[in-house]
$ cat query_22.txt   # compact mmCIF, C-alpha atoms and all ligand atoms
# COMPACT_ATOMS: atom_id res chain seq x y z
CA MET A 1 -56.62 -34.74 12.11
CA ASN A 2 -53.28 -36.47 12.63
CA SER A 3 -50.33 -34.13 12.57
CA TYR A 4 -47.58 -36.59 13.37
CA LYS A 5 -44.38 -36.72 11.34
CA THR A 6 -42.31 -39.65 10.18
CA PHE A 7 -38.53 -39.71 10.03
CA GLU A 8 -37.30 -42.45 7.76
CA MET A 9 -33.88 -43.31 6.38
CA ARG A 10 -34.35 -45.28 3.18
CA THR A 11 -30.71 -45.58 2.20
CA ALA A 12 -28.19 -47.98 3.73
CA ILE A 13 -24.97 -46.00 4.19
CA HIS A 14 -21.61 -47.78 3.91
CA PHE A 15 -18.74 -45.57 5.03
CA GLY A 16 -15.15 -45.55 6.20
CA GLU A 17 -12.06 -47.32 4.96
CA GLY A 18 -12.71 -50.09 2.47
CA ALA A 19 -16.38 -49.13 1.98
CA LEU A 20 -16.07 -49.59 -1.79
CA GLY A 21 -15.62 -53.32 -1.05
CA ARG A 22 -19.42 -53.34 -0.70
CA LEU A 23 -19.55 -53.31 -4.52
CA LYS A 24 -18.26 -56.92 -4.52
CA GLU A 25 -21.21 -58.00 -2.41
CA LEU A 26 -24.06 -56.20 -4.18
CA PRO A 27 -27.15 -58.38 -4.64
CA TYR A 28 -27.24 -57.53 -8.38
CA ASN A 29 -25.26 -58.95 -11.28
CA ARG A 30 -25.86 -56.66 -14.23
CA ILE A 31 -24.77 -53.11 -13.42
CA LEU A 32 -24.97 -49.86 -15.37
CA ILE A 33 -22.36 -47.38 -14.10
CA ILE A 34 -23.47 -43.77 -14.70
CA THR A 35 -20.78 -41.12 -14.42
CA ASP A 36 -19.30 -38.01 -16.04
CA PRO A 37 -16.54 -38.01 -18.70
CA TYR A 38 -13.88 -36.68 -16.30
CA ILE A 39 -14.38 -39.57 -13.87
CA ALA A 40 -14.77 -42.12 -16.67
CA LYS A 41 -11.30 -41.22 -17.97
CA SER A 42 -9.63 -41.00 -14.57
CA GLU A 43 -8.01 -43.69 -12.44
CA MET A 44 -10.94 -43.26 -10.07
CA LEU A 45 -13.17 -45.48 -12.18
CA ASN A 46 -10.89 -48.45 -11.40
CA LEU A 47 -11.77 -48.03 -7.73
CA ILE A 48 -15.34 -48.87 -8.79
CA THR A 49 -14.77 -51.45 -11.51
CA ASP A 50 -12.10 -53.48 -9.62
CA PRO A 51 -14.46 -54.58 -6.81
CA LEU A 52 -17.27 -55.15 -9.35
CA LYS A 53 -14.94 -57.46 -11.32
CA ALA A 54 -13.81 -59.17 -8.12
CA GLY A 55 -17.46 -59.86 -7.32
CA GLY A 56 -18.02 -61.35 -10.79
CA LYS A 57 -20.45 -58.60 -11.88
CA GLU A 58 -21.17 -57.67 -15.49
CA PHE A 59 -21.16 -53.94 -16.14
CA ASP A 60 -21.40 -51.26 -18.79
CA VAL A 61 -20.66 -47.54 -18.48
CA PHE A 62 -22.76 -44.51 -19.48
CA SER A 63 -20.36 -41.58 -19.13
CA ASP A 64 -22.30 -38.80 -20.77
CA VAL A 65 -23.38 -36.92 -17.63
CA VAL A 66 -22.92 -33.15 -17.84
CA PRO A 67 -23.23 -30.60 -15.01
CA ASP A 68 -26.74 -29.80 -13.76
CA ALA A 69 -28.47 -32.83 -15.31
CA PRO A 70 -30.00 -31.38 -18.52
CA VAL A 71 -33.11 -33.27 -19.68
CA GLY A 72 -31.58 -34.10 -23.09
CA LYS A 73 -28.74 -36.07 -21.48
CA ILE A 74 -31.21 -37.79 -19.18
CA ALA A 75 -33.10 -38.96 -22.28
CA ASP A 76 -29.82 -40.40 -23.66
CA GLY A 77 -29.30 -42.20 -20.37
CA VAL A 78 -32.85 -43.61 -20.47
CA ALA A 79 -32.13 -45.01 -23.96
CA LYS A 80 -28.91 -46.63 -22.68
CA PHE A 81 -30.78 -48.07 -19.67
CA LEU A 82 -33.53 -49.57 -21.85
CA GLN A 83 -30.97 -51.07 -24.21
CA TYR A 84 -28.73 -52.58 -21.46
CA GLN A 85 -31.55 -53.54 -19.03
CA PRO A 86 -29.47 -53.44 -15.83
CA GLU A 87 -30.47 -54.92 -12.47
CA ALA A 88 -28.94 -51.89 -10.77
CA ILE A 89 -27.38 -48.51 -11.44
CA VAL A 90 -24.15 -47.50 -9.74
CA ALA A 91 -24.02 -43.67 -9.87
CA VAL A 92 -20.50 -42.29 -9.48
CA GLY A 93 -19.90 -38.55 -9.34
CA GLY A 94 -21.14 -35.30 -7.92
CA GLY A 95 -24.77 -34.23 -7.65
CA SER A 96 -25.05 -34.06 -11.44
CA ALA A 97 -24.23 -37.77 -11.91
CA MET A 98 -26.35 -38.89 -8.95
CA ASP A 99 -29.35 -36.75 -9.94
CA SER A 100 -29.08 -37.86 -13.58
CA SER A 101 -29.04 -41.49 -12.41
CA LYS A 102 -32.10 -41.01 -10.23
CA ALA A 103 -34.03 -39.40 -13.09
CA ILE A 104 -32.85 -42.02 -15.61
CA ARG A 105 -34.06 -44.90 -13.42
CA GLU A 106 -37.36 -43.14 -12.67
CA PHE A 107 -38.21 -42.35 -16.31
CA ALA A 108 -36.92 -45.66 -17.74
CA LEU A 109 -39.09 -47.66 -15.33
CA LYS A 110 -42.11 -45.56 -16.27
CA ILE A 111 -41.55 -46.53 -19.91
CA ASN A 112 -40.76 -50.18 -19.29
CA ASN A 113 -41.37 -51.44 -15.77
CA TYR A 114 -39.65 -54.80 -15.56
CA GLY A 115 -39.38 -54.90 -11.78
CA LYS A 116 -37.15 -53.35 -9.16
CA VAL A 117 -33.86 -51.85 -10.26
CA GLY A 118 -31.38 -50.94 -7.50
CA LEU A 119 -29.57 -47.62 -7.20
CA ILE A 120 -26.23 -47.35 -5.45
CA ALA A 121 -24.99 -43.75 -5.13
CA ILE A 122 -21.28 -43.06 -4.73
CA PRO A 123 -20.53 -39.34 -4.31
CA THR A 124 -17.19 -37.96 -5.55
CA THR A 125 -17.82 -34.45 -4.22
CA SER A 126 -18.69 -33.55 -0.61
CA GLY A 127 -21.64 -31.37 -1.42
CA THR A 128 -25.13 -32.29 -2.46
CA GLY A 129 -26.00 -35.20 -0.14
CA SER A 130 -27.95 -36.51 -3.13
CA GLU A 131 -26.85 -40.04 -2.16
CA VAL A 132 -29.49 -40.03 0.60
CA THR A 133 -32.17 -37.62 -0.65
CA SER A 134 -35.41 -38.06 -2.52
CA PHE A 135 -34.56 -35.03 -4.68
CA ALA A 136 -33.18 -34.92 -8.21
CA VAL A 137 -32.55 -31.49 -9.69
CA VAL A 138 -32.97 -31.50 -13.47
CA ASN A 139 -32.32 -28.71 -15.93
CA ASP A 140 -34.86 -27.81 -18.61
CA THR A 141 -32.33 -26.21 -20.93
CA ASP A 142 -34.95 -24.87 -23.38
CA ALA A 143 -36.94 -23.06 -20.67
CA HIS A 144 -33.74 -22.12 -18.71
CA VAL A 145 -35.27 -23.43 -15.48
CA LYS A 146 -33.92 -26.02 -13.00
CA TYR A 147 -36.56 -28.11 -11.24
CA PRO A 148 -36.10 -30.20 -8.11
CA LEU A 149 -38.05 -33.44 -8.68
CA VAL A 150 -39.15 -34.86 -5.32
CA ALA A 151 -40.36 -38.46 -4.86
CA ASP A 152 -39.53 -41.29 -2.47
CA SER A 153 -38.96 -43.52 -5.49
CA LEU A 154 -35.95 -41.38 -6.47
CA THR A 155 -34.05 -42.29 -3.30
CA ALA A 156 -30.96 -44.49 -3.65
CA ASP A 157 -31.07 -47.91 -1.98
CA GLU A 158 -27.46 -47.73 -0.88
CA ALA A 159 -24.82 -45.02 -0.54
CA ILE A 160 -21.09 -45.61 -0.36
CA LEU A 161 -18.96 -42.87 1.23
CA ASP A 162 -15.26 -43.17 0.49
CA ALA A 163 -13.30 -39.94 0.88
CA GLU A 164 -10.53 -41.27 -1.39
CA LEU A 165 -12.85 -40.41 -4.30
CA VAL A 166 -12.87 -36.75 -3.25
CA ARG A 167 -9.08 -36.32 -3.01
CA SER A 168 -8.80 -35.05 -6.60
CA VAL A 169 -11.53 -32.39 -6.28
CA PRO A 170 -9.87 -29.03 -7.13
CA PRO A 171 -9.98 -26.20 -4.51
CA ALA A 172 -12.66 -24.15 -6.31
CA VAL A 173 -15.04 -27.15 -6.45
CA THR A 174 -14.18 -28.03 -2.82
CA ALA A 175 -15.20 -24.48 -1.87
CA ASP A 176 -18.44 -24.46 -3.87
CA THR A 177 -19.58 -27.92 -2.83
CA GLY A 178 -18.55 -27.35 0.80
CA MET A 179 -20.69 -24.22 0.96
CA ASP A 180 -23.55 -26.29 -0.51
CA VAL A 181 -23.21 -28.59 2.54
CA PHE A 182 -23.31 -25.61 4.88
CA THR A 183 -26.34 -24.15 3.06
CA HIS A 184 -28.21 -27.47 3.31
CA ALA A 185 -27.53 -27.62 7.04
CA LEU A 186 -28.51 -23.99 7.66
CA GLU A 187 -31.63 -23.94 5.46
CA SER A 188 -32.95 -27.21 6.88
CA TYR A 189 -32.21 -25.97 10.42
CA VAL A 190 -34.42 -22.88 10.02
CA SER A 191 -37.00 -24.47 7.70
CA THR A 192 -40.64 -24.45 8.78
CA ALA A 193 -40.54 -28.27 8.66
CA HIS A 194 -37.52 -28.67 10.96
CA ASN A 195 -37.74 -31.28 13.69
CA GLU A 196 -35.43 -32.71 16.34
CA PHE A 197 -34.02 -35.35 13.98
CA SER A 198 -33.23 -32.89 11.18
CA ALA A 199 -31.82 -30.41 13.71
CA ALA A 200 -29.42 -32.95 15.23
CA LEU A 201 -28.12 -33.87 11.79
CA ALA A 202 -27.78 -30.21 10.73
CA GLU A 203 -25.98 -29.18 13.92
CA LYS A 204 -23.33 -31.86 13.45
CA ALA A 205 -22.90 -30.91 9.79
CA VAL A 206 -22.45 -27.22 10.75
CA GLU A 207 -19.89 -28.12 13.41
CA ILE A 208 -17.88 -30.15 10.89
CA CYS A 209 -18.03 -27.37 8.25
CA GLY A 210 -16.79 -24.86 10.85
CA VAL A 211 -13.70 -26.96 11.62
CA PHE A 212 -12.90 -28.84 8.43
CA LEU A 213 -14.10 -27.02 5.28
CA LEU A 214 -11.23 -24.53 5.14
CA ARG A 215 -8.77 -27.34 5.85
CA CYS A 216 -10.07 -29.26 2.80
CA TYR A 217 -9.82 -26.12 0.67
CA LEU A 218 -6.24 -25.38 1.76
CA ASP A 219 -5.00 -28.96 1.45
CA GLY A 220 -6.99 -31.39 -0.69
CA ASN A 221 -4.80 -34.25 0.56
CA ASP A 222 -5.81 -33.67 4.20
CA MET A 223 -7.72 -36.95 4.27
CA HIS A 224 -8.95 -36.54 7.84
CA ALA A 225 -10.64 -33.27 6.87
CA ARG A 226 -11.89 -34.79 3.58
CA GLN A 227 -13.45 -37.73 5.42
CA LYS A 228 -15.19 -35.39 7.87
CA MET A 229 -16.64 -33.19 5.09
CA HIS A 230 -17.78 -36.29 3.18
CA VAL A 231 -19.78 -37.38 6.20
CA ALA A 232 -21.05 -33.82 6.82
CA SER A 233 -22.39 -33.72 3.26
CA CYS A 234 -24.38 -36.88 3.91
CA LEU A 235 -25.63 -35.66 7.34
CA ALA A 236 -26.82 -32.39 5.80
CA GLY A 237 -28.53 -34.38 3.00
CA LEU A 238 -30.39 -36.49 5.57
CA SER A 239 -31.38 -33.31 7.38
CA PHE A 240 -32.89 -31.48 4.42
CA ASN A 241 -34.45 -34.68 3.12
CA THR A 242 -36.81 -34.54 6.08
CA ALA A 243 -36.96 -30.76 6.74
CA GLY A 244 -36.69 -29.27 3.25
CA LEU A 245 -34.61 -26.24 2.22
CA GLY A 246 -35.45 -22.58 1.54
CA ILE A 247 -35.15 -19.67 -0.87
CA THR A 248 -31.35 -19.74 -1.07
CA HIS A 249 -31.83 -22.93 -3.07
CA SER A 250 -34.89 -21.68 -4.99
CA MET A 251 -32.93 -18.62 -6.13
CA ALA A 252 -29.67 -20.54 -6.73
CA HIS A 253 -31.46 -22.96 -9.05
CA GLN A 254 -32.27 -20.04 -11.36
CA LEU A 255 -28.70 -18.66 -11.33
CA GLY A 256 -27.60 -22.16 -12.35
CA ALA A 257 -30.18 -22.54 -15.10
CA VAL A 258 -29.81 -19.07 -16.64
CA PHE A 259 -26.15 -18.15 -16.01
CA HIS A 260 -24.54 -21.55 -15.27
CA VAL A 261 -23.28 -20.43 -11.87
CA PRO A 262 -22.15 -23.65 -10.13
CA HIS A 263 -24.80 -24.76 -7.64
CA GLY A 264 -22.80 -24.44 -4.41
CA ARG A 265 -21.28 -21.12 -5.50
CA ALA A 266 -24.73 -19.65 -6.20
CA ASN A 267 -25.88 -20.76 -2.73
CA ALA A 268 -22.79 -19.34 -1.06
CA MET A 269 -23.24 -15.95 -2.73
CA LEU A 270 -26.96 -15.73 -1.90
CA LEU A 271 -26.78 -17.08 1.65
CA PRO A 272 -25.72 -13.90 3.56
CA HIS A 273 -28.57 -11.96 1.91
CA VAL A 274 -31.13 -14.67 2.64
CA VAL A 275 -30.06 -14.88 6.32
CA GLU A 276 -30.55 -11.10 6.62
CA PHE A 277 -33.96 -11.37 4.92
CA ASN A 278 -35.15 -14.35 6.99
CA ALA A 279 -34.01 -12.68 10.24
CA ASN A 280 -35.06 -9.17 9.20
CA ILE A 281 -31.74 -8.08 10.66
CA ASN A 282 -28.83 -6.36 8.95
CA LYS A 283 -25.73 -4.40 9.92
CA ARG A 284 -27.82 -1.31 10.72
CA SER A 285 -30.33 -3.12 12.99
CA ARG A 286 -30.89 -2.33 16.66
CA SER A 287 -32.18 -4.82 19.21
CA GLN A 288 -35.89 -5.59 18.90
CA LYS A 289 -38.68 -6.51 21.34
CA GLU A 290 -39.65 -9.54 19.25
CA TYR A 291 -37.73 -11.44 16.66
CA LEU A 292 -38.76 -13.55 13.68
CA PRO A 293 -38.66 -17.34 14.31
CA ALA A 294 -35.44 -17.91 12.36
CA VAL A 295 -33.45 -15.54 14.59
CA LYS A 296 -33.20 -17.89 17.58
CA ARG A 297 -32.14 -20.72 15.31
CA TYR A 298 -29.50 -18.63 13.51
CA SER A 299 -28.17 -17.69 16.97
CA ASN A 300 -27.83 -21.38 17.83
CA ILE A 301 -25.80 -21.91 14.65
CA ALA A 302 -23.60 -18.90 15.47
CA HIS A 303 -23.01 -20.47 18.87
CA ILE A 304 -22.04 -23.86 17.34
CA LEU A 305 -19.56 -22.05 15.08
CA GLY A 306 -18.05 -20.38 18.15
CA LEU A 307 -19.12 -16.89 17.11
CA SER A 308 -20.09 -14.15 19.52
CA SER A 309 -23.53 -14.46 21.09
CA TYR A 310 -23.74 -11.17 23.01
CA ASN A 311 -27.31 -10.68 21.78
CA LYS A 312 -29.50 -11.86 18.91
CA VAL A 313 -28.73 -9.00 16.52
CA MET A 314 -25.01 -9.50 16.96
CA SER A 315 -25.35 -13.30 16.59
CA VAL A 316 -27.12 -12.97 13.24
CA ASN A 317 -24.61 -10.38 12.07
CA SER A 318 -21.68 -12.58 13.13
CA LEU A 319 -23.19 -15.51 11.21
CA VAL A 320 -23.45 -13.32 8.10
CA ASN A 321 -19.84 -12.16 8.67
CA TRP A 322 -18.66 -15.76 9.03
CA ILE A 323 -20.29 -16.76 5.72
CA GLN A 324 -18.75 -13.75 3.96
CA PHE A 325 -15.36 -14.53 5.53
CA MET A 326 -15.57 -18.10 4.17
CA LEU A 327 -16.33 -16.73 0.69
CA LYS A 328 -13.29 -14.44 0.85
CA GLU A 329 -10.93 -17.12 2.22
CA MET A 330 -12.00 -19.57 -0.50
CA ASN A 331 -11.98 -17.04 -3.37
CA ILE A 332 -15.72 -17.31 -4.02
CA PRO A 333 -16.96 -14.08 -5.64
CA MET A 334 -19.32 -12.06 -3.44
CA SER A 335 -21.39 -10.59 -6.30
CA ILE A 336 -22.58 -11.46 -9.79
CA GLN A 337 -20.49 -8.58 -11.10
CA ASP A 338 -17.38 -10.16 -9.53
CA LEU A 339 -18.06 -13.42 -11.40
CA GLY A 340 -16.99 -11.53 -14.52
CA THR A 341 -19.09 -13.74 -16.81
CA VAL A 342 -22.47 -11.96 -16.79
CA THR A 343 -23.29 -8.57 -18.33
CA PRO A 344 -25.56 -6.16 -16.40
CA ASP A 345 -28.07 -6.09 -19.29
CA LYS A 346 -28.44 -9.87 -19.32
CA TYR A 347 -28.61 -10.07 -15.51
CA PHE A 348 -31.17 -7.35 -14.90
CA GLY A 349 -33.13 -8.52 -17.94
CA ALA A 350 -33.47 -11.99 -16.38
CA ILE A 351 -34.37 -11.00 -12.80
CA ASP A 352 -38.15 -10.82 -13.27
CA ARG A 353 -38.32 -14.29 -14.85
CA MET A 354 -35.90 -15.76 -12.27
CA ALA A 355 -38.03 -14.32 -9.45
CA ASP A 356 -41.18 -16.01 -10.82
CA ALA A 357 -39.35 -19.34 -11.15
CA ALA A 358 -37.81 -19.03 -7.67
CA LEU A 359 -41.24 -18.40 -6.11
CA ALA A 360 -42.60 -21.48 -7.87
CA ASP A 361 -39.60 -23.66 -6.86
CA ALA A 362 -40.41 -26.55 -4.50
CA CYS A 363 -37.82 -25.31 -1.95
CA THR A 364 -39.68 -22.01 -1.33
CA ALA A 365 -42.54 -23.61 0.63
CA ASN A 366 -40.39 -24.31 3.70
CA ASN A 367 -38.64 -20.95 3.94
CA PRO A 368 -39.07 -19.50 7.44
CA ARG A 369 -40.23 -16.10 6.11
CA ILE A 370 -42.69 -16.00 3.21
CA PRO A 371 -41.15 -13.89 0.44
CA THR A 372 -43.04 -11.72 -2.04
CA LYS A 373 -41.84 -11.44 -5.61
CA GLU A 374 -40.50 -7.97 -4.72
CA ASP A 375 -38.43 -9.46 -1.87
CA ILE A 376 -36.85 -11.96 -4.27
CA ILE A 377 -36.19 -9.22 -6.83
CA GLU A 378 -34.55 -7.10 -4.11
CA ILE A 379 -32.18 -9.91 -3.14
CA TYR A 380 -31.25 -10.62 -6.78
CA THR A 381 -30.70 -6.88 -7.30
CA LYS A 382 -28.42 -6.60 -4.22
CA LEU A 383 -26.42 -9.57 -5.45
CA TRP A 384 -25.24 -7.67 -8.55
CA ASP A 385 -22.61 -5.55 -6.80
CA CYS A 386 -22.80 -6.09 -3.04
N1 LIG M 401 -30.39 -34.16 -5.29
C1 LIG M 401 -30.11 -33.33 -4.34
O1 LIG M 401 -30.52 -33.57 -3.21
C2 LIG M 401 -29.29 -32.11 -4.63
C3 LIG M 401 -28.95 -31.22 -3.62
C4 LIG M 401 -28.17 -30.11 -3.94
C5 LIG M 401 -27.74 -29.93 -5.26
N2 LIG M 401 -28.10 -30.80 -6.24
C6 LIG M 401 -27.68 -30.63 -7.65
O2 LIG M 401 -26.41 -31.26 -7.83
C7 LIG M 401 -25.71 -30.61 -8.89
C8 LIG M 401 -24.35 -30.14 -8.43
O3 LIG M 401 -23.59 -31.22 -7.96
P1 LIG M 401 -22.07 -31.00 -7.48
O4 LIG M 401 -21.99 -29.70 -6.78
O5 LIG M 401 -21.64 -32.22 -6.80
O6 LIG M 401 -21.29 -30.77 -8.86
P2 LIG M 401 -21.17 -31.65 -10.19
O7 LIG M 401 -21.65 -33.02 -10.02
O8 LIG M 401 -21.79 -30.84 -11.30
O9 LIG M 401 -19.59 -31.66 -10.37
C9 LIG M 401 -18.88 -30.43 -10.47
C10 LIG M 401 -17.58 -30.65 -11.21
O10 LIG M 401 -16.69 -31.39 -10.38
C11 LIG M 401 -16.13 -32.47 -11.13
N3 LIG M 401 -15.82 -33.55 -10.20
C12 LIG M 401 -16.69 -34.35 -9.53
N4 LIG M 401 -16.02 -35.21 -8.75
C13 LIG M 401 -14.70 -34.94 -8.91
C14 LIG M 401 -13.50 -35.50 -8.37
N5 LIG M 401 -13.54 -36.47 -7.46
N6 LIG M 401 -12.32 -34.98 -8.77
C15 LIG M 401 -12.26 -33.95 -9.64
N7 LIG M 401 -13.36 -33.38 -10.20
C16 LIG M 401 -14.57 -33.88 -9.83
C17 LIG M 401 -17.19 -32.83 -12.15
O11 LIG M 401 -16.60 -33.49 -13.26
C18 LIG M 401 -17.74 -31.45 -12.51
O12 LIG M 401 -16.96 -30.83 -13.50
C19 LIG M 401 -26.58 -29.41 -9.30
O13 LIG M 401 -27.35 -29.75 -10.44
C20 LIG M 401 -27.47 -29.22 -8.08
O14 LIG M 401 -28.67 -28.54 -8.42
C21 LIG M 401 -28.85 -31.89 -5.93
FE FE M 402 -27.74 -27.77 -2.69
$ encode --input "query_22.txt" --output "structure tokens" --more "lines below"
Ligand SMILES: NC(=O)c1ccc[n+]([C@@H]2O[C@H](COP(=O)([O-])OP(=O)(O)OC[C@H]3O[C@@H](n4cnc5c(N)ncnc54)[C@H](O)[C@@H]3O)[C@@H](O)[C@H]2O)c1
Ligand SMILES: [Fe+2]
Amino acid sequence: MNSYKTFEMRTAIHFGEGALGRLKELPYNRILIITDPYIAKSEMLNLITDPLKAGGKEFDVFSDVVPDAPVGKIADGVAKFLQYQPEAIVAVGGGSAMDSSKAIREFALKINNYGKVGLIAIPTTSGTGSEVTSFAVVNDTDAHVKYPLVADSLTADEAILDAELVRSVPPAVTADTGMDVFTHALESYVSTAHNEFSAALAEKAVEICGVFLLRCYLDGNDMHARQKMHVASCLAGLSFNTAGLGITHSMAHQLGAVFHVPHGRANAMLLPHVVEFNANINKRSRSQKEYLPAVKRYSNIAHILGLSSYNKVMSVNSLVNWIQFMLKEMNIPMSIQDLGTVTPDKYFGAIDRMADAALADACTANNPRIPTKEDIIEIYTKLWDC
């Protein structure tokens, strides 16, 4: 039996100053821009439409994207797509706009396949890496479950990285999305499907987060830091696209679907607990004769971040401390109780259902330690008032 792996990059990445000029040269003439209402009303949209006009392209705008890509809004987008019949979609926004666009193209072409339709993804947050991944996370609002759809056909043909589009991201969103980048890098680094290619990409993304994420949070106009984090987001996306993620994401998807906790924030809050679970190490641990496989890899990450590496237990604990320090510095709540938006009755009443959905989530398969339902319930329970 062959057990070889394939590392493939399906998306051409245009980056650096003037990258949006690529829009002038696109090999498509009829373009549907898909974005959210905030971006549609802002000056930012001119940065997209000006080069399209200069290139003589026809375009229309669907600006009805809402956070977390609910299926109802995707259906509206499919209707718009079928009515306008574009040659390509230009997705402009955070993960919600890019994931909605991926799902809209996928479903519309299943209904009416009239040939290839291009997808150009232009992120306006430094977070999801969706511009280069074959994932689209959609939200079944009736069932209160978020599903990652995974298919090569979802992948964008081109990505354009221009940090100017991220300048206006407010500090709280910079914090949440930046921790999403870090979580992608860390989960893909310890995933059971990690490989040398994914590891190289994740290591660079971690190094950039360690130096530049707080700088972006403290000064959104620090364009050097913004540019670095924009690239880190894409690197981490490429990494998890080949190596997968883990239960931080599986569990965060449920907190997003049931309690509308922003995606990156849910990851950031869960991550210290998942590191402790995957390593089977916590603040009370002593050194051990043998360690779980993730421990060595967490130690490498601690080393890249410049944290102490006296021994493995201390390395894992310093990584957990670093994550919790980042949460505090960027005013991300540590617990569900601290969010102030969820009652204990509602939270504890939802845990059993969230645990089932998290176990069934596509991201769980690559977690370095196989969780039981009780393990997931324990982590959700700790998260209430840690
Ligand atoms: N496809 C993937 O590979 C992947 C990976 C991780 C997460 N996701 C999904 O992506 C979604 C989250 O995406 P996100 O974190 O980018 O958030 P988002 O797209 O929901 O945007 C968050 C908020 O930031 C605003 N915003 C976006 N760009 C802005 C800008 N330049 N200036 C000011 N405000 C701006 C948006 O209007 C929105 O209110 C979730 O549904 C998550 O599950 C997808
Ligand atoms: Fe994510």
$ atom_distance --input "query_22.txt" --atom1 "CA of Gly55 (chain A)" --atom2 "CA of Leu23 (chain A)"
7.4 Å
$ residues_around --input "query_22.txt" --residues "region 353-369 of chain A" --least-positions-apart "5" --cutoff "6 Å" --atoms "all atoms listed in the file" --output "ChimeraX atom specification"
/A:191-192,245-247,250-251,254,278,376
$ axis_aligned_box --input "query_22.txt" --around "region 220-225 of chain A" --padding-each-side "6 Å" --output "lines of an AutoDock Vina configuration file"
center_x = -7.7
center_y = -34.2
center_z = 3.6
size_x = 17.8
size_y = 17.6
size_z = 20.5
$ residues_near_ligand --input "query_22.txt" --ligand "ligand LIG 401 (chain M)" --cutoff "8 Å" --atoms "only C-alpha atoms and all ligand atoms" --output "PyMOL selection string"
chain A and resi 36-39+44+66-69+93-99+123-139+146+148+165-170+173+176-177+180+184+237+241+253+256+262-264
$ closest_residue --input "query_22.txt" --among "A:Phe259, A:Gly210, A:Phe240, A:Val231" --to "Leu307 (chain A)" --atoms "only C-alpha atoms"
A:Gly210
$ closest_residue --input "query_22.txt" --among "A:Val313, A:Val274, A:Thr242, A:Lys116" --to "Glu290 (chain A)" --atoms "only C-alpha atoms"
A:Val313
$ closest_residue --input "query_22.txt" --among "A:Tyr291, A:Phe62, A:Tyr189, A:Tyr380" --to "Ala266 (chain A)" --atoms "all atoms listed in the file"
A:Tyr380
$ atom_distance --input "query_22.txt" --atom1 "CA of Leu52 (chain A)" --atom2 "CA of Leu161 (chain A)"
16.3 Å
$ closest_residue --input "query_22.txt" --among "A:Ser318, A:Ser239, A:Thr174, A:Gln324" --to "Ala199 (chain A)" --atoms "all atoms listed in the file"
A:Ser239
$ closest_residue --input "query_22.txt" --among "A:Gly244, A:Pro371, A:Pro344, A:Gly349" --to "ligand FE 402 (chain M)" --atoms "only C-alpha atoms and all ligand atoms"
A:Gly244
$ closest_residue --input "query_22.txt" --among "A:Asp338, A:Glu203, A:Asp222, A:Glu43" --to "Leu235 (chain A)" --atoms "all atoms listed in the file"
A:Glu203
$ residues_near_point --input "query_22.txt" --point "(-17.6, -46.5, -16.0)" --cutoff "10 Å" --atoms "all atoms listed in the file" --output "list in words"
Leu32, Ile33, Ile34, Thr35, Asp36, Pro37, Ile39, Ala40, Lys41, Ser42, Met44, Leu45, Asn46, Ile48, Thr49, Phe59, Asp60, Val61, Phe62, Ser63, Val90, Ala91 and Val92 of chain A
$ write_last_selection --input "query_22.txt" --atoms "C-alpha atoms" --output "CSV table (one decimal), in the frame of the given file"
chain,number,residue,atom,x,y,z
A,32,LEU,CA,-25.0,-49.9,-15.4
A,33,ILE,CA,-22.4,-47.4,-14.1
A,34,ILE,CA,-23.5,-43.8,-14.7
A,35,THR,CA,-20.8,-41.1,-14.4
A,36,ASP,CA,-19.3,-38.0,-16.0
A,37,PRO,CA,-16.5,-38.0,-18.7
A,39,ILE,CA,-14.4,-39.6,-13.9
A,40,ALA,CA,-14.8,-42.1,-16.7
A,41,LYS,CA,-11.3,-41.2,-18.0
A,42,SER,CA,-9.6,-41.0,-14.6
A,44,MET,CA,-10.9,-43.3,-10.1
A,45,LEU,CA,-13.2,-45.5,-12.2
A,46,ASN,CA,-10.9,-48.4,-11.4
A,48,ILE,CA,-15.3,-48.9,-8.8
A,49,THR,CA,-14.8,-51.4,-11.5
A,59,PHE,CA,-21.2,-53.9,-16.1
A,60,ASP,CA,-21.4,-51.3,-18.8
A,61,VAL,CA,-20.7,-47.5,-18.5
A,62,PHE,CA,-22.8,-44.5,-19.5
A,63,SER,CA,-20.4,-41.6,-19.1
A,90,VAL,CA,-24.2,-47.5,-9.7
A,91,ALA,CA,-24.0,-43.7,-9.9
A,92,VAL,CA,-20.5,-42.3,-9.5
$ atom_distance --input "query_22.txt" --atom1 "CA of Ala151 (chain A)" --atom2 "CA of Ala163 (chain A)"
27.7 Å
$ residues_around --input "query_22.txt" --residues "Gly72 (chain A)" --least-positions-apart "5" --cutoff "10 Å" --atoms "all atoms listed in the file" --output "ChimeraX atom specification"
/A:77-78,139-142
$ residues_near_point --input "query_22.txt" --point "(-15.8, -31.0, 9.3)" --cutoff "8 Å" --atoms "all atoms listed in the file" --output "PyMOL selection string"
chain A and resi 205-213+225-226+228-229+232
$ decode --input "query_22.txt" --residues "region 58-69 of chain A" --atoms "C-alpha atoms" --output "PDB file, in the first residue's frame"
ATOM      1  CA  GLU A  58     -17.944  44.552 -15.417  1.00  0.00           C
ATOM      2  CA  PHE A  59     -18.936  43.890 -11.829  1.00  0.00           C
ATOM      3  CA  ASP A  60     -21.836  43.628  -9.413  1.00  0.00           C
ATOM      4  CA  VAL A  61     -21.751  43.453  -5.610  1.00  0.00           C
ATOM      5  CA  PHE A  62     -23.425  41.002  -3.211  1.00  0.00           C
ATOM      6  CA  SER A  63     -22.909  42.583   0.210  1.00  0.00           C
ATOM      7  CA  ASP A  64     -25.151  40.466   2.381  1.00  0.00           C
ATOM      8  CA  VAL A  65     -22.475  38.381   4.112  1.00  0.00           C
ATOM      9  CA  VAL A  66     -22.954  38.038   7.870  1.00  0.00           C
ATOM     10  CA  PRO A  67     -20.497  36.594  10.415  1.00  0.00           C
ATOM     11  CA  ASP A  68     -20.022  32.816  10.435  1.00  0.00           C
ATOM     12  CA  ALA A  69     -21.576  32.149   7.017  1.00  0.00           C
TER      13      ALA A  69
END
